[in-house]
Amino acid sequence: MQDKAEYARKGVGKARPSIAIEYVGGILLVAENPSPALHKICEIYDRIAFVGAGKYGEFENLRRAGIRYADLKGYTYDREDVTARSLANAYSQAIGEIFSQQVKPLEVEIAVAQVGETPDTNELYRISFDGSIADEKGFCVIGGQAEELMRVLKQLYKGQQELGATLELAADALERGTGQKPQPDFLEVALLERERPGRKFRFMGTEEFGGHLKLD
Amino acid sequence: MWEKHLELPSFHELLRKSHPELLPWASLEGASREEVEAALGGPHGTTVLALKHATGALLVGDRLATEGWHVADRRVQKVYKTDEHSAIAISGAAGVCLEMVRLLQTELAHYEKLEGAELSTEGKANKLAQMVRANLPAALQGLAVIPILVGYDLKMDEGRIFKYDVTGGRYEEAEFHAAGSGGQDARNSLKKFYRAGMGEDEALALGLEALQDAADENVGTSGIDLERSIFPTAVMTTRDGVFELSDERLREAYTQVAEPRRRARRGEEQGG
């Protein structure tokens with residue numbers, strides 16, 4: 001068990017960090033990702049998004065399974081019955097089972113975010129390689145250097161702000177946590193927007209979020 | 001077991017394999033068409049129509065649901081947005097129709113989320129054909145679903161209309177189409193006044209007029225019910241998205257254009 005944990009921790013530690021952070025209009029998701037095609041952030045359901053860190057193939061499988069689970073649940077019952085809490089629990093069970101029963105643990109860490117109907121009902125969950133689950137408030141960091149970034153964000157985050165300020169905060173935290181200025185081309189940015197009708201998730205293009213940032 | 005990674009990103013396929021009991025088409029083993037129709041209270045009435053215009057395509061559907069000789073519901077919705085660039089109108093057995101709409105909506109979103117890109121317009125039309133075909137056994141027992149699919153094709157940069165037959169046959173219409181018990185009457189009306197490249201407002205007025213003509217001739221179709229303020233459902237599918245038109249917009253289009261034109265055609269005085 002100890003060896004497995006060590007192995008998985010090392011794998012996740014090599015990953016670039018990703019941040020989910022609340023702002024007044026919803027939840028901002030930022031991932032350091034050099035690939036424009038292989039996404040780390042994705043939409044799961046109307047109000048729910050997924051962020052993966054670690055081995056791409058492994059969290060991609062989790063992502064697809066999550067979409068299947070959510071669509072099946074929404075089709076069987078109703079759209080509003082699909083919740084981040086039950087999805088995060090299902091992920092926790094699945095990842096935990098792989099950790100305890102398979103020879104090779106998953107080298108992943110994932111976050112599940114749900115934008116609430118009001119600013120104080122957002123939900124953020126972090127699930128680690130051993131299936132342990134944490135319920136976060138305000139912000140959540142996964143991937144390598146997560147602890148440093150958490151420490152930085154604890155100092156910087158003073159409640160929900162406007163989108164522009166929150167983007168700058170996330171970029172600032174990435175820079176301080178990793179010791180490197182994030183490159184706009186290597187950032188993947190998405191939003192869960194509370195006021196958006198229907199599906200709340202959307203990606204932000206480099207130009208759009210670049211307009212809020214002074215990175216270069 | 002590696003094959004499971006090469007499965008289609010299809011929700012319909014997922015249901016078929018792992019939850020067939022959730023598919024819209026119930027198997028009614030042993031029941032005859034007469035028994036099914038008796039249980040439903042008789043045949044269904046509906047008129048739904050689609051027409052292309054300069055910026056996309058319009059779908060209009062009446063609101064009446066019938067059970068035999070009775071009105072079951074005056075406010076049924078038969079036209080639905082299915083994703084950001086497509087919409088569906090349904091005619092046939094209401095229960096199966098509504099479930100098929102939900103299945104298609106889930107299917108399109110499911111594909112988009114898994115693949116990170118919207119299904120092509122042709123892809124959507126083909127997928128719907130497979131669903132209609134899967135419903136064939138139920139259709140033969142009297143539970144047919146005949147949809148019209150409208151999509152805005154971003155590659156061709158125009159609206160497109162697909163009609164279906166009961167076996168899942170899929171045919172593209174270049175200008176307009178109407179289905180349901182009042183479909184023939186609506187088509188006659190559309191045929192006379194349709195012209196390529198008409199504007200959105202003109203298309204809406206014509207769509208409402210055709211629907212009103214169908215309601216005149218077909219007892220299973222409701223027109224515009226000014227007394228109860230019940231208007232048809234109309235959905236515009238354009239490059240910028242799919243928009244449901246408000247009752248105010250429909251009332252305006254009808255009172256300004258369609259109704260005077262109808263009166264003029266009947267030789268009545270305008271505005272009287």
# chains A, B, ... in the order shown; residues from 1 in each chain; ligands from 1
>>> closest_atom_pairs(of="chain B", to="chain A", cutoff="10 Å", atoms="only C-alpha atoms", output="JSON lines")
{"residue": "B:His5", "atom": "CA", "partner": "A:Asn61", "partner_atom": "CA", "distance": 8.7}
{"residue": "B:Pro9", "atom": "CA", "partner": "A:Arg64", "partner_atom": "CA", "distance": 9.1}
{"residue": "B:Ser10", "atom": "CA", "partner": "A:Arg68", "partner_atom": "CA", "distance": 9.5}
{"residue": "B:Phe11", "atom": "CA", "partner": "A:Arg68", "partner_atom": "CA", "distance": 7.6}
{"residue": "B:Leu14", "atom": "CA", "partner": "A:Arg68", "partner_atom": "CA", "distance": 8.2}
{"residue": "B:Leu15", "atom": "CA", "partner": "A:Leu72", "partner_atom": "CA", "distance": 8.1}
{"residue": "B:His19", "atom": "CA", "partner": "A:Leu72", "partner_atom": "CA", "distance": 9.1}
{"residue": "B:Leu22", "atom": "CA", "partner": "A:Thr76", "partner_atom": "CA", "distance": 7.3}
{"residue": "B:Glu99", "atom": "CA", "partner": "A:Tyr75", "partner_atom": "CA", "distance": 9.4}
{"residue": "B:Arg102", "atom": "CA", "partner": "A:Tyr75", "partner_atom": "CA", "distance": 7.4}
{"residue": "B:Leu103", "atom": "CA", "partner": "A:Tyr75", "partner_atom": "CA", "distance": 7.6}
{"residue": "B:Gln105", "atom": "CA", "partner": "A:Tyr75", "partner_atom": "CA", "distance": 9.7}
{"residue": "B:Thr106", "atom": "CA", "partner": "A:Asp71", "partner_atom": "CA", "distance": 6.7}
{"residue": "B:Glu107", "atom": "CA", "partner": "A:Asp71", "partner_atom": "CA", "distance": 8.8}
{"residue": "B:Ala109", "atom": "CA", "partner": "A:Asp71", "partner_atom": "CA", "distance": 8.7}
{"residue": "B:His110", "atom": "CA", "partner": "A:Asp71", "partner_atom": "CA", "distance": 6.9}
{"residue": "B:Tyr111", "atom": "CA", "partner": "A:Ile67", "partner_atom": "CA", "distance": 9.7}
{"residue": "B:Glu112", "atom": "CA", "partner": "A:Glu43", "partner_atom": "CA", "distance": 9.6}
{"residue": "B:Lys113", "atom": "CA", "partner": "A:Glu43", "partner_atom": "CA", "distance": 6.3}
{"residue": "B:Leu114", "atom": "CA", "partner": "A:Arg64", "partner_atom": "CA", "distance": 6.3}
{"residue": "B:Glu115", "atom": "CA", "partner": "A:Arg64", "partner_atom": "CA", "distance": 9.6}
{"residue": "B:Gly116", "atom": "CA", "partner": "A:Cys42", "partner_atom": "CA", "distance": 8.4}
>>> residues_around(residues="Phe193 in chain B", least_positions_apart="3", cutoff="9 Å", atoms="only C-alpha atoms", output="VMD selection string")
chain B and resid 189 to 190 206
>>> select_by_dssp(residues="range 2-142 of chain B", states="helix (DSSP H, G or I)", output="PyMOL selection string")
chain B and resi 2-6+11-18+20-22+33-40+94-115+121-134+136-140
>>> closest_residue(among="A:Thr121, A:Ser92, A:Ser128, A:Gln2", to="Gly52 in chain A", atoms="only C-alpha atoms")
A:Ser128
>>> residues_around(residues="His177 in chain B", least_positions_apart="5", cutoff="8 Å", atoms="only C-alpha atoms", output="list in words")
Leu49, Ala50, Leu51, Ile161, Lys163 and Arg187 of chain B
>>> write_last_selection(atoms="C-alpha atoms", output="short mmCIF file (atom, residue, chain, number, x, y, z; two decimals), in the first residue's frame")
data_model
loop_
_atom_site.label_atom_id
_atom_site.label_comp_id
_atom_site.auth_asym_id
_atom_site.auth_seq_id
_atom_site.Cartn_x
_atom_site.Cartn_y
_atom_site.Cartn_z
CA LEU B 49 -44.08 22.08 -40.47
CA ALA B 50 -40.63 23.32 -41.44
CA LEU B 51 -39.50 25.89 -43.97
CA ILE B 161 -34.67 20.10 -43.37
CA LYS B 163 -38.14 14.33 -43.13
CA ARG B 187 -48.00 21.59 -47.55
#
>>> atom_distance(atom1="CA of Thr66 in chain B", atom2="CA of Thr221 in chain B")
8.9 Å
>>> residues_around(residues="Gly96 in chain A", least_positions_apart="5", cutoff="12 Å", atoms="only C-alpha atoms", output="ChimeraX atom specification")
/A:1,5,88-91,101-102,105-106,108-109,127-133
>>> write_last_selection(atoms="C-alpha atoms", output="CSV table (one decimal), in the first residue's frame")
chain,number,residue,atom,x,y,z
A,1,MET,CA,0.0,0.0,0.0
A,5,ALA,CA,0.8,5.5,-2.6
A,88,ALA,CA,-17.7,12.9,-6.7
A,89,ASN,CA,-18.8,10.0,-4.4
A,90,ALA,CA,-18.9,7.6,-7.4
A,91,TYR,CA,-15.5,8.7,-8.5
A,101,GLN,CA,-7.4,-4.0,-5.6
A,102,GLN,CA,-5.2,-3.4,-8.6
A,105,PRO,CA,-2.9,2.6,-8.8
A,106,LEU,CA,-4.2,5.5,-10.9
A,108,VAL,CA,-4.4,11.0,-11.2
A,109,GLU,CA,-6.1,13.6,-9.2
A,127,ILE,CA,-10.5,13.3,-5.3
A,128,SER,CA,-7.0,11.8,-4.9
A,129,PHE,CA,-5.3,8.7,-6.4
A,130,ASP,CA,-6.4,6.6,-3.4
A,131,GLY,CA,-10.0,7.7,-3.6
A,132,SER,CA,-9.9,10.0,-0.7
A,133,ILE,CA,-12.3,12.9,-1.2
>>> closest_residue(among="A:Lys137, A:Arg176, A:Lys55, A:Lys4", to="Gln160 in chain A", atoms="only C-alpha atoms")
A:Lys137
>>> select_by_dssp(residues="range 22-207 of chain A", states="strand (DSSP E or B)", output="VMD selection string")
chain A and resid 22 to 23 26 to 32 41 to 45 48 to 54 108 to 114 123 to 127 133 to 136 139 to 142 187 to 193 201 to 204
>>> residues_around(residues="Gly142 in chain B", least_positions_apart="6", cutoff="9 Å", atoms="only C-alpha atoms", output="list in words")
Ser32, Arg33, Glu34, Val36, Glu37, Pro43, Gly92 and Ala93 of chain B
>>> write_last_selection(atoms="C-alpha atoms", output="PDB file, in the first residue's frame")
ATOM      1  CA  SER B  32     -52.568  -6.040 -32.143  1.00  0.00           C
ATOM      2  CA  ARG B  33     -52.716  -2.634 -33.763  1.00  0.00           C
ATOM      3  CA  GLU B  34     -56.437  -2.439 -32.956  1.00  0.00           C
ATOM      4  CA  VAL B  36     -53.114  -0.582 -29.035  1.00  0.00           C
ATOM      5  CA  GLU B  37     -55.260   2.042 -30.751  1.00  0.00           C
ATOM      6  CA  PRO B  43     -55.568   7.925 -33.910  1.00  0.00           C
ATOM      7  CA  GLY B  92     -47.293  10.462 -33.891  1.00  0.00           C
ATOM      8  CA  ALA B  93     -47.826   8.679 -30.589  1.00  0.00           C
TER       9      ALA B  93
END
>>> closest_residue(among="B:Ala210, B:Val166, B:Ala38, B:Val150", to="Met236 in chain B", atoms="only C-alpha atoms")
B:Val150
>>> residues_around(residues="Lys81 in chain B", least_positions_apart="4", cutoff="10 Å", atoms="only C-alpha atoms", output="list in words")
Leu59, His85, Ser86, Ala87, Ile88, Ala89, Val101, Gln105, Leu149, Val150, Gly151, Val235, Met236, Thr237, Gly241, Val242, Phe243 and Glu244 of chain B
